[in-house]
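Visitor: Got a file for you: structure33.cif, mmCIF, C-alpha atoms.
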data_structure
loop_
_atom_site.label_atom_id
_atom_site.label_comp_id
_atom_site.auth_asym_id
_atom_site.auth_seq_id
_atom_site.Cartn_x
_atom_site.Cartn_y
_atom_site.Cartn_z
CA ASN A 30 14.72 -2.82 -29.22
CA VAL A 31 15.05 -3.70 -25.54
CA ALA A 32 11.56 -5.21 -25.32
CA GLN A 33 12.28 -7.55 -28.24
CA LEU A 34 15.55 -8.71 -26.69
CA ILE A 35 13.88 -9.40 -23.37
CA ASP A 36 11.07 -11.26 -25.15
CA MET A 37 13.59 -13.43 -27.00
CA ASP A 38 15.48 -14.16 -23.75
CA PHE A 39 12.30 -15.25 -22.02
CA ARG A 40 11.26 -17.44 -24.94
CA LEU A 41 14.60 -19.23 -24.62
CA MET A 42 14.24 -19.48 -20.86
CA SER A 43 10.69 -20.77 -21.24
CA THR A 44 11.85 -23.49 -23.62
CA ALA A 45 14.60 -24.53 -21.21
CA ALA A 46 12.09 -24.48 -18.34
CA LYS A 47 9.71 -26.76 -20.28
CA MET A 48 12.55 -29.24 -20.76
CA ALA A 49 13.46 -29.06 -17.06
CA ASP A 50 9.82 -29.56 -16.04
CA ALA A 51 9.70 -32.67 -18.25
CA LEU A 52 12.43 -34.27 -16.14
CA PRO A 53 10.86 -36.11 -13.19
CA ALA A 54 13.71 -35.11 -10.86
CA LEU A 55 13.10 -31.39 -11.56
CA SER A 56 9.35 -31.26 -12.21
CA TRP A 57 8.55 -30.44 -8.58
CA LEU A 58 10.38 -27.09 -8.98
CA ASN A 59 7.77 -25.74 -11.44
CA ILE A 60 10.50 -23.78 -13.20
CA ARG A 61 8.19 -22.88 -16.09
CA ASP A 62 5.76 -21.10 -13.74
CA SER A 63 8.61 -19.15 -12.14
CA VAL A 64 9.98 -18.08 -15.52
CA GLU A 65 6.51 -17.01 -16.65
CA GLN A 66 5.89 -14.97 -13.52
CA PHE A 67 9.31 -13.31 -13.74
CA SER A 68 8.85 -12.56 -17.45
CA HIS A 69 5.70 -10.52 -16.77
CA THR A 70 7.59 -8.35 -14.28
CA MET A 71 10.53 -7.83 -16.63
CA ALA A 72 8.31 -7.14 -19.64
CA ALA A 73 6.58 -4.33 -17.78
CA GLN A 74 9.93 -2.78 -16.90
CA ALA A 75 11.07 -2.94 -20.52
CA HIS A 76 8.46 -0.35 -21.47
CA LEU A 77 10.09 2.83 -20.27
CA ASN A 78 6.88 4.85 -20.58
CA VAL A 79 5.53 2.64 -17.78
CA GLU A 80 8.67 3.35 -15.74
CA ALA A 81 8.15 7.09 -16.34
CA HIS A 82 4.63 6.78 -14.97
CA HIS A 83 6.01 4.96 -11.92
CA LEU A 84 8.42 7.86 -11.32
CA GLU A 85 5.49 10.28 -11.45
CA VAL A 86 3.58 8.15 -8.95
CA LEU A 87 6.59 7.96 -6.61
CA ASN A 88 7.04 11.74 -6.72
CA HIS A 89 3.34 12.21 -6.00
CA ASN A 90 3.33 9.69 -3.14
CA PHE A 91 6.41 11.22 -1.49
CA ARG A 92 5.50 14.87 -2.13
CA SER A 93 5.22 15.63 1.59
CA TRP A 94 8.71 14.25 2.35
CA ALA A 95 11.06 17.22 2.07
CA HIS A 96 14.22 15.14 1.58
CA VAL A 97 12.84 12.52 -0.80
CA LYS A 98 12.75 13.19 -4.52
CA PHE A 99 12.84 11.01 -7.61
CA PRO A 100 13.81 12.00 -11.14
CA GLU A 101 10.99 13.58 -13.11
CA PRO A 102 10.36 12.27 -16.61
CA ILE A 103 10.79 14.86 -19.35
CA TYR A 104 10.03 12.52 -22.24
CA ALA A 105 9.24 8.83 -22.37
CA SER A 106 8.46 6.27 -25.03
CA SER A 107 8.55 2.50 -24.88
CA SER A 108 12.30 2.47 -25.55
CA ILE A 109 13.61 5.85 -24.25
CA ILE A 110 13.20 7.80 -21.05
CA ILE A 111 14.66 11.26 -20.49
CA GLU A 112 14.48 12.39 -16.91
CA THR A 113 15.86 15.09 -14.65
CA PHE A 114 18.97 14.45 -12.59
CA GLU A 115 18.32 14.49 -8.87
CA PRO A 116 21.40 14.56 -6.65
CA GLY A 117 21.24 12.10 -3.84
CA ARG A 118 22.87 9.27 -2.01
CA ILE A 119 22.84 5.53 -2.20
CA ILE A 120 20.38 4.39 0.46
CA THR A 121 22.37 1.22 1.18
CA GLY A 122 25.20 3.45 2.45
CA ILE A 123 22.86 4.88 5.07
CA PHE A 124 21.65 1.41 6.06
CA ASP A 125 25.24 0.09 6.23
CA HIS A 126 26.14 2.99 8.52
CA TYR A 127 23.08 2.31 10.67
CA ASP A 128 23.98 -1.39 10.89
CA ALA A 129 27.58 -0.57 11.84
CA ILE A 130 26.44 1.70 14.68
CA ALA A 131 23.87 -0.86 15.85
CA SER A 132 26.56 -3.54 16.06
CA LYS A 133 29.02 -1.29 18.02
CA SER A 134 27.81 -1.00 21.56
CA GLY A 135 29.99 -0.81 24.64
CA ASP A 136 27.56 -2.69 26.87
CA GLY A 137 27.19 -5.76 24.65
CA GLU A 138 23.69 -4.78 23.65
CA PRO A 139 22.87 -3.69 20.11
CA GLY A 140 23.17 0.08 19.77
CA THR A 141 20.26 2.26 18.77
CA LEU A 142 20.10 5.13 16.34
CA THR A 143 17.19 6.69 14.55
CA VAL A 144 17.19 6.77 10.76
CA GLU A 145 17.36 10.58 10.96
CA GLU A 146 20.51 10.36 13.11
CA ALA A 147 22.09 7.90 10.70
CA MET A 148 21.29 10.20 7.77
CA GLU A 149 22.77 13.18 9.63
CA ASP A 150 25.97 11.24 10.34
CA TYR A 151 26.03 10.13 6.71
CA ASP A 152 25.64 13.76 5.57
CA ASN A 153 28.56 14.76 7.80
CA GLY A 154 30.87 12.26 6.13
CA MET A 155 30.63 9.38 8.57
CA ASP A 156 29.09 7.04 6.06
CA GLY A 157 31.03 3.82 6.52
CA VAL A 158 31.36 3.59 2.74
CA THR A 159 35.04 3.21 1.98
CA GLU A 160 37.00 3.30 -1.22
CA GLY A 161 36.66 -0.01 -3.01
CA SER A 162 33.37 -0.83 -1.29
CA GLY A 163 31.63 -1.23 -4.63
CA TYR A 164 29.44 1.85 -4.27
CA GLN A 165 29.71 4.41 -7.03
CA LEU A 166 27.46 7.28 -8.00
CA ILE A 167 27.39 8.08 -11.69
CA PRO A 168 25.43 11.24 -12.53
CA LEU A 169 23.78 11.12 -15.91
CA ASN A 170 22.86 14.81 -15.73
CA LEU A 171 19.79 14.79 -17.95
CA ALA A 172 19.16 11.62 -19.92
CA LYS A 173 19.18 7.90 -19.42
CA PHE A 174 19.03 5.83 -22.57
CA ILE A 175 18.38 2.13 -22.46
#
For this file, write the structure as structure tokens.
Guide:
Amino acid sequence: NVAQLIDMDFRLMSTAAKMADALPALSWLNIRDSVEQFSHTMAAQAHLNVEAHHLEVLNHNFRSWAHVKFPEPIYASSSIIIETFEPGRIITGIFDHYDAIASKSGDGEPGTLTVEEAMEDYDNGMDGVTEGSGYQLIPLNLAKFI
């Protein structure tokens, strides 16, 4: 079970953080508090029914945006989520393209481009994402099992 593995990892990290906090040279870092705060965030994400609810909220919040869509949960439990596949793009590719255009200006000043223009260029194949850039889309068609 994913939640049990995450719980065990954070118990180990908490023990190590207690030992680090006991050392005077490291006590000022408050590592134990950081581990505890991070563990709450990770524990919530380990329950995939919570993640399914978050997808529903995102779809509701972005319902008026024609070009924004998130997968819709079909079935969710604490350890499995089955969701629809939504074709799309990696948003960092759009931002990288936008940054590249902003840095290329003939007059020495940063260039300007609206997000819509960057997305249009990206749609037309001028994405600045090259082979070997580390970006890869892997469609999972219907289900995502964790």
Visitor: To one decimal in Å, tell me the separation between CA of Ala81 in chain A and CA of Met42 in chain A.
Guide: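 Calculated distance between CA of Ala81 in chain A and CA of Met42 in chain A is 27.6 Å.
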Visitor: Give, as lines of an AutoDock Vina configuration file, the centre coordinates and the x, y and z edge lengths in Å to one decimal for an axis-aligned box around all listed atoms of range 62-75 of chain A, padded by 5 Å on each side.
Guide:
center_x = 8.4
center_y = -11.9
center_z = -16.3
size_x = 15.4
size_y = 28.3
size_z = 18.4
Visitor: So which one's closest to Ile60 in chain A, A:Ser43, A:Ile123, A:Asp36, A:Ala73? Using all atoms listed in the file, please.
Guide: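 Looking only at the distances to Ile60 in chain A, the closest residue turns out to be A:Ser43.
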Visitor: Name the residues that the PyMOL selection byres ((chain A and resi 107) around 6) pulls out of this structure, and write them as a PyMOL selection string.
Guide: chain A and resi 76-78+106+108
Visitor: Suppose you want the space between CA of Phe67 in chain A and CA of Phe91 in chain A; what is it in Å?
Guide: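 Here the two named atoms are 27.6 Å from each other.
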Visitor: By how many Å are CA of Thr113 in chain A and CA of Phe99 in chain A apart?
Guide: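 For CA of Thr113 in chain A relative to CA of Phe99 in chain A, the distance reads 8.7 Å.
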Visitor: Which residue out of A:Arg118, A:Arg40, A:Arg92, A:Lys98 has the minimum interatomic distance to Ala72 in chain A when all atoms listed in the file are used?
Guide: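 Of A:Arg118, A:Arg40, A:Arg92, A:Lys98, the one nearest Ala72 in chain A is A:Arg40, counting all atoms listed in the file.
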Visitor: With distances taken over only C-alpha atoms, which of A:Gln74, A:Ala45, A:Glu101, A:Glu115 is nearest to Arg61 in chain A?
Guide: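 Answer, going by the shortest atom-to-atom distance: A:Ala45.
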Visitor: Ranking A:His82, A:His126, A:His96, A:Lys47 by minimum distance to Glu65 in chain A and counting all atoms listed in the file, which one comes first?
Guide: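 Checking each of A:His82, A:His126, A:His96, A:Lys47 against Glu65 in chain A, counting all atoms listed in the file, the winner is A:Lys47.
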Visitor: With distances taken over all atoms listed in the file, which of A:Leu34, A:Ile120, A:Ala46, A:Leu55 is nearest to Val97 in chain A?
Guide: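 Closest to Val97 in chain A, using all atoms listed in the file: A:Ile120.
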Visitor: Between A:Ala54, A:Leu87, A:Ala75, A:Ala129, which residue has the minimum interatomic distance to Ile35 in chain A, considering only C-alpha atoms?
Guide: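 Looking only at the distances to Ile35 in chain A, the closest residue turns out to be A:Ala75.
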Visitor: Name the residues captured by the PyMOL selection byres ((chain A and resi 102) around 8) when it is applied to the shown file; answer as number ranges by chain.
Guide: A: 81, 84-85, 100-101, 103-105, 110-113
